[in-house]
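Listing of upload-v8.txt, compact mmCIF, C-alpha atoms
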```
# COMPACT_ATOMS: atom_id res chain seq x y z
CA MET A 1 13.68 11.75 4.39
CA ASN A 2 13.32 7.97 4.27
CA LEU A 3 12.65 7.45 0.54
CA TYR A 4 12.28 3.90 -0.79
CA LEU A 5 11.62 2.28 -4.16
CA GLU A 6 9.54 -0.83 -4.77
CA SER A 7 11.86 -3.51 -6.17
CA ASN A 8 10.63 -3.36 -9.79
CA LEU A 9 10.93 0.42 -9.83
CA ALA A 10 14.40 0.21 -8.29
CA ASN A 11 15.56 -1.90 -11.25
CA HIS A 12 13.95 0.41 -13.82
CA ARG A 13 15.68 3.44 -15.39
CA HIS A 14 13.21 5.62 -13.47
CA GLY A 15 14.45 4.07 -10.26
CA ARG A 16 18.07 4.73 -11.15
CA PHE A 17 17.14 8.40 -11.49
CA PHE A 18 15.65 8.47 -7.98
CA ILE A 19 18.66 6.63 -6.55
CA SER A 20 21.23 8.95 -8.12
CA GLN A 21 19.31 12.22 -7.71
CA LEU A 22 17.38 11.76 -4.48
CA ASN A 23 19.38 9.08 -2.63
CA ALA A 24 16.40 6.73 -2.67
CA GLN A 25 16.91 3.19 -1.39
CA PRO A 26 15.64 -0.04 -3.01
CA ALA A 27 13.19 -1.92 -0.79
CA ASP A 28 12.75 -5.67 -1.28
CA GLU A 29 10.37 -5.67 1.69
CA LEU A 30 8.03 -3.07 3.11
CA PRO A 31 10.07 -0.65 5.25
CA ALA A 32 9.18 0.15 8.85
CA ASN A 33 8.14 3.65 7.78
CA GLY A 34 8.89 6.31 5.19
CA LEU A 35 7.78 7.14 1.64
CA LEU A 36 7.64 4.25 -0.82
CA LEU A 37 7.46 4.96 -4.57
CA MET A 38 5.94 2.47 -6.99
CA HIS A 39 4.89 2.48 -10.64
CA GLY A 40 1.12 2.79 -10.82
CA GLN A 41 0.87 0.10 -13.48
CA GLN A 42 2.77 -2.34 -11.27
CA PHE A 43 0.25 -1.75 -8.50
CA GLN A 44 -2.73 -2.08 -10.85
CA GLU A 45 -1.50 -5.41 -12.19
CA ARG A 46 -0.94 -7.03 -8.79
CA SER A 47 -3.39 -9.37 -7.07
CA ASN A 48 -6.03 -8.09 -4.67
CA THR A 49 -4.07 -9.61 -1.81
CA GLU A 50 -0.87 -7.77 -2.73
CA GLN A 51 -2.73 -4.51 -3.24
CA ALA A 52 -4.40 -4.91 0.14
CA THR A 53 -1.00 -5.50 1.76
CA TRP A 54 0.34 -2.19 0.42
CA TRP A 55 -2.88 -0.45 1.43
CA GLN A 56 -2.64 -1.79 4.98
CA TRP A 57 1.00 -0.70 5.16
CA ALA A 58 0.09 2.81 3.99
CA CYS A 59 -2.57 2.98 6.73
CA GLN A 60 0.16 2.99 9.39
CA PRO A 61 1.34 6.34 10.79
CA GLY A 62 4.63 7.45 9.28
CA CYS A 63 4.05 5.45 6.10
CA ALA A 64 3.18 6.85 2.66
CA LEU A 65 2.79 4.97 -0.61
CA LEU A 66 2.97 7.07 -3.79
CA LEU A 67 2.03 5.59 -7.16
CA ILE A 68 3.76 7.32 -10.08
CA PRO A 69 3.48 7.03 -13.89
CA PRO A 70 3.12 4.92 -15.91
CA PHE A 71 -0.46 3.81 -15.21
CA LYS A 72 -2.98 1.72 -17.10
CA SER A 73 -6.16 3.50 -18.09
CA GLY A 74 -9.06 2.71 -15.79
CA GLU A 75 -9.41 1.84 -12.11
CA VAL A 76 -6.45 2.35 -9.81
CA PHE A 77 -7.69 0.46 -6.74
CA GLU A 78 -11.04 -1.17 -6.04
CA ARG A 79 -11.54 0.63 -2.73
CA LEU A 80 -11.31 4.08 -4.30
CA ASP A 81 -13.11 5.84 -7.14
CA TRP A 82 -9.85 6.97 -8.75
CA GLN A 83 -9.75 6.47 -12.52
CA ILE A 84 -6.83 7.12 -14.88
CA ALA A 85 -7.50 8.50 -18.36
CA ASN A 86 -5.50 10.21 -21.12
CA ARG A 87 -5.40 14.01 -21.06
CA GLU A 88 -6.97 15.68 -24.05
CA ASP A 89 -5.07 18.94 -23.67
CA MET A 90 -1.79 20.21 -22.24
CA ALA A 91 -1.68 20.73 -18.51
CA SER A 92 -0.50 23.99 -17.01
CA SER A 93 0.41 25.14 -13.53
CA ASN A 94 1.46 28.31 -11.75
CA ASP A 95 1.95 26.62 -8.39
CA GLY A 96 5.33 25.17 -7.60
CA VAL A 97 8.47 24.14 -9.44
CA ILE A 98 7.61 20.46 -9.88
CA PRO A 99 4.19 20.74 -11.58
CA THR A 100 5.27 23.80 -13.59
CA THR A 101 8.44 22.14 -14.85
CA THR A 102 6.82 18.84 -15.82
CA SER A 103 3.39 20.03 -17.01
CA SER A 104 4.21 19.72 -20.73
CA GLU A 105 5.14 16.04 -20.21
CA VAL A 106 1.96 14.99 -18.40
CA THR A 107 -0.26 12.77 -20.54
CA LEU A 108 -2.68 11.39 -17.92
CA SER A 109 -5.48 12.72 -15.76
CA ILE A 110 -7.05 11.58 -12.48
CA ALA A 111 -10.82 11.39 -12.10
CA GLY A 112 -12.54 10.70 -8.80
CA LYS A 113 -13.48 12.46 -5.58
CA ASP A 114 -12.08 10.16 -2.91
CA GLY A 115 -9.36 11.68 -0.77
CA ASP A 116 -7.92 15.16 -1.11
CA PHE A 117 -5.20 17.27 -2.72
CA ASP A 118 -2.97 20.11 -1.51
CA LEU A 119 -3.02 23.42 -3.39
CA SER A 120 0.19 24.58 -1.69
CA PHE A 121 2.15 21.82 -3.45
CA GLY A 122 0.59 22.42 -6.86
CA HIS A 123 -1.58 19.31 -6.85
CA GLN A 124 -4.18 21.13 -8.96
CA TRP A 125 -3.82 22.35 -12.55
CA THR A 126 -5.03 25.75 -13.73
CA ASP A 127 -8.09 24.05 -15.29
CA TYR A 128 -9.01 22.78 -11.77
CA SER A 129 -8.28 19.14 -12.55
CA VAL A 130 -5.75 17.51 -10.21
CA ASN A 131 -2.40 15.86 -10.83
CA THR A 132 -2.00 14.38 -7.36
CA ARG A 133 -4.53 12.93 -4.96
CA PHE A 134 -4.06 11.31 -1.57
CA ILE A 135 -6.23 9.62 1.00
CA LYS A 136 -5.68 9.68 4.73
CA GLN A 137 -8.38 7.76 6.55
CA HIS A 138 -8.06 9.75 9.79
CA ASN A 139 -5.50 11.76 11.74
CA GLY A 140 -3.71 8.69 13.05
CA THR A 141 -3.06 6.97 9.71
CA GLY A 142 -0.53 7.13 6.92
CA VAL A 143 -1.10 8.16 3.31
CA PHE A 144 -1.99 6.38 0.06
CA ALA A 145 -1.39 8.67 -2.94
CA ILE A 146 -1.13 8.86 -6.72
CA THR A 147 0.35 11.44 -9.06
CA THR A 148 0.47 11.90 -12.81
CA LEU A 149 3.62 14.01 -12.54
CA PRO A 150 6.67 12.31 -14.10
CA LEU A 151 8.91 12.74 -11.08
CA TRP A 152 11.63 10.78 -12.92
CA SER A 153 11.79 13.36 -15.75
CA ILE A 154 15.21 14.66 -16.84
CA SER A 155 13.65 18.12 -16.72
CA LEU A 156 13.99 17.80 -12.94
CA LEU A 157 17.73 17.13 -13.01
CA ASP A 158 18.42 20.61 -11.67
CA HIS A 159 15.57 20.50 -9.19
CA ALA A 160 16.51 17.70 -6.80
CA ASP A 161 15.90 19.82 -3.70
CA ASP A 162 12.51 20.92 -4.99
CA THR A 163 11.56 17.31 -5.77
CA ILE A 164 12.55 16.21 -2.28
CA ALA A 165 10.55 19.05 -0.76
CA TRP A 166 7.50 18.05 -2.85
CA LEU A 167 7.80 14.41 -1.71
CA GLU A 168 8.35 15.46 1.90
CA GLY A 169 5.03 17.30 1.72
CA LEU A 170 3.25 13.99 1.21
CA LEU A 171 5.27 12.17 3.86
CA GLU A 172 4.53 14.89 6.41
CA LEU A 173 0.83 14.20 5.92
CA ALA A 174 1.48 10.62 7.09
CA GLY A 175 2.54 11.84 10.53
CA SER A 176 5.19 10.17 12.64
CA ALA A 177 5.69 6.50 13.30
CA SER A 178 5.36 6.22 17.09
CA GLU A 179 7.30 3.70 19.10
CA ASP A 180 4.01 2.02 19.95
CA GLY A 181 3.19 1.73 16.26
CA LEU A 182 6.53 0.13 15.49
CA LYS A 183 6.16 -2.31 18.35
CA ALA A 184 2.79 -3.40 17.04
CA SER A 185 4.39 -5.24 14.15
CA THR A 186 6.56 -7.39 16.40
CA SER A 187 4.69 -7.57 19.70
CA THR A 188 2.10 -10.11 20.70
CA ASP A 189 0.03 -7.22 22.13
CA VAL A 190 -1.75 -6.42 18.85
CA THR A 191 -5.28 -5.45 17.95
CA LEU A 192 -6.83 -7.77 15.39
CA GLU A 193 -10.26 -8.27 13.92
CA PRO A 194 -12.05 -11.41 15.23
CA THR A 195 -11.86 -12.96 11.77
CA ASP A 196 -8.07 -12.50 11.79
CA TYR A 197 -7.77 -15.06 14.58
CA THR A 198 -9.95 -17.38 12.53
CA LEU A 199 -7.58 -17.02 9.60
CA LEU A 200 -4.58 -17.75 11.81
CA LEU A 201 -6.35 -20.80 13.19
CA CYS A 202 -7.29 -22.23 9.79
CA MET A 203 -3.88 -21.56 8.28
CA GLN A 204 -2.11 -23.25 11.16
CA ALA A 205 -4.47 -26.22 11.28
CA TRP A 206 -4.52 -26.84 7.53
CA GLY A 207 -0.96 -25.79 6.66
CA ILE A 208 -1.91 -23.16 4.09
CA ASN A 209 -0.62 -19.64 3.53
CA THR A 210 -2.46 -17.88 0.68
CA ALA A 211 -5.80 -16.08 0.51
CA TYR A 212 -6.85 -18.05 -2.56
CA GLN A 213 -6.15 -21.45 -0.99
CA LEU A 214 -7.78 -20.46 2.28
CA SER A 215 -10.88 -19.14 0.52
CA THR A 216 -11.11 -22.31 -1.56
CA ASP A 217 -10.68 -24.62 1.43
CA LEU A 218 -13.29 -22.76 3.46
CA ALA A 219 -15.74 -22.94 0.56
CA GLN A 220 -15.17 -26.65 -0.07
CA GLY A 221 -15.03 -27.76 3.53
CA SER A 222 -17.94 -29.23 5.43
CA LEU A 223 -17.39 -26.97 8.43
CA SER A 224 -20.19 -24.77 9.64
CA LEU A 225 -17.96 -23.01 12.15
CA PHE A 226 -16.68 -20.36 9.78
CA SER A 227 -18.19 -18.34 6.98
CA ILE A 228 -15.87 -15.52 5.91
CA PRO A 229 -16.40 -13.42 2.75
CA GLU A 230 -13.49 -13.53 0.32
CA SER A 231 -12.93 -9.78 0.68
CA ASN A 232 -12.48 -10.19 4.44
CA ILE A 233 -9.98 -12.99 3.85
CA ILE A 234 -7.93 -10.81 1.50
CA GLU A 235 -7.98 -7.88 3.92
CA GLY A 236 -7.19 -10.11 6.89
CA ILE A 237 -4.20 -11.77 5.26
CA ALA A 238 -2.86 -8.36 4.24
CA ARG A 239 -3.23 -7.13 7.81
CA LEU A 240 -1.54 -10.24 9.25
CA LYS A 241 1.40 -9.80 6.87
CA VAL A 242 1.83 -6.14 7.78
CA LEU A 243 1.81 -7.07 11.48
CA GLY A 244 4.41 -9.77 10.87
CA LEU A 245 2.16 -12.63 12.02
CA ILE A 246 2.35 -14.53 8.72
CA ASP A 247 4.67 -14.73 5.75
CA ASP A 248 4.84 -16.78 2.56
CA ALA A 249 5.52 -19.91 4.61
CA GLY A 250 2.54 -19.53 6.93
CA LEU A 251 2.49 -18.38 10.55
CA THR A 252 5.64 -16.72 11.85
CA ASP A 253 6.90 -17.41 15.37
CA THR A 254 5.06 -14.29 16.51
CA GLY A 255 1.89 -15.48 14.79
CA VAL A 256 2.09 -18.81 16.59
CA ILE A 257 2.44 -17.03 19.93
CA VAL A 258 -0.50 -14.70 19.19
CA LEU A 259 -2.69 -17.68 18.28
CA LYS A 260 -1.57 -19.70 21.30
CA GLU A 261 -2.45 -16.86 23.66
CA SER A 262 -5.91 -16.42 22.14
CA PRO A 263 -9.06 -18.39 23.07
CA TYR A 264 -9.24 -19.65 19.49
CA GLU A 265 -6.27 -21.98 19.97
CA ALA A 266 -8.59 -24.48 21.68
CA TYR A 267 -10.15 -25.26 18.27
CA LEU A 268 -6.84 -26.15 16.62
CA GLU A 269 -6.95 -29.93 17.09
CA ARG A 270 -10.57 -30.16 16.02
CA LEU A 271 -9.82 -28.24 12.83
CA LYS A 272 -6.91 -30.54 12.05
CA GLU A 273 -9.32 -33.47 12.14
CA GLU A 274 -11.80 -31.70 9.86
CA ALA A 275 -9.36 -30.40 7.27
CA PRO A 276 -10.88 -29.97 3.78
CA LEU A 277 -10.18 -32.79 1.35
```
Exercise: express the given structure as structure tokens:
Amino acid sequence: MNLYLESNLANHRHGRFFISQLNAQPADELPANGLLLMHGQQFQERSNTEQATWWQWACQPGCALLLIPPFKSGEVFERLDWQIANREDMASSNDGVIPTTTSSEVTLSIAGKDGDFDLSFGHQWTDYSVNTRFIKQHNGTGVFAITTLPLWSISLLDHADDTIAWLEGLLELAGSASEDGLKASTSTDVTLEPTDYTLLLCMQAWGINTAYQLSTDLAQGSLSLFSIPESNIIEGIARLKVLGLIDDAGLTDTGVIVLKESPYEAYLERLKEEAPL
């Protein structure tokens, strides 16, 4: 199994447990595919743009993002109805080694109906509340998931194989990363939303590279050509990053090629002349 740790988790004592027990690998960048673990609180505290980037990555076949404790109480992600709250009683499970072994250590609960859970992996407690929930938008997408199970617990020291099997259950739901899917992140033959080309055009013309700056410049500019809601800008930038068309410096070489081969490139010089002040 390709098991990766978000950089902050990799440097945490929880991450060291996963590295030593499960042969997990630190990931400074989003991997091509596999299962990526991340502290839920880290995800909750990130910007909308960063959250959207991880969401877009987890939408790709063969990719699964799993948020693990600790979490902050409240909303997990604005697109889902998942809410984290403190448990008022002790959890119990009769389904599977992982939930049964860690049940006494679980202090959080998940509320919300979005997505699904898998009874065969013990995602549901005996009181019918759930400890793990995942969302898979359709058969061809990856998985975005959360769990309240402390998978880093020392109580699992003797259950490495069971832990791997539990994690593999989530990754299997994400399907396989096809060769076509992998090529999509580096090829100029990509499917983008119409507004994505607009974002590429504005970023290239005005020399900007963040959702906040782009949203501000579009709002302050005198142009009537474009009117893009902030939410679409955030989603678009996340999608462009996942596809490798932009990075923190602006358009990548691939992004420049994609823009040049699109009909939108004809507006580039005009936009340069009408750059926001």
Counting only C-alpha atoms, the option among A:Thr252, A:Thr210, A:Gln56, A:Thr107 closest to A:Val143: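 When distances to A:Val143 are compared using only C-alpha atoms, the smallest one comes from A:Gln56.
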Within 9 Å of file point (0.2, 2.8, 6.2), counting only C-alpha atoms, expressed as a list in words: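 The residues that fall inside the cut-off are Asn33, Trp54, Trp55, Gln56, Trp57, Ala58, Cys59, Gln60, Pro61, Gly62, Cys63, Ala64, Leu65, Thr141, Gly142, Val143, Phe144 and Ala174 of chain A.
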Atom-to-atom span, atom CA of A:Leu201 and atom CA of A:Leu268, Å: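 Interatomic distance here is 6.4 Å.
Going from atom CA of A:Ser231 over to atom CA of A:Asp217, you cover 15.0 Å.
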Nearest residue to A:Ile233 from the set A:Phe71, A:Thr53, A:Phe77, A:Trp152 (distances using all atoms listed in the file): A:Thr53
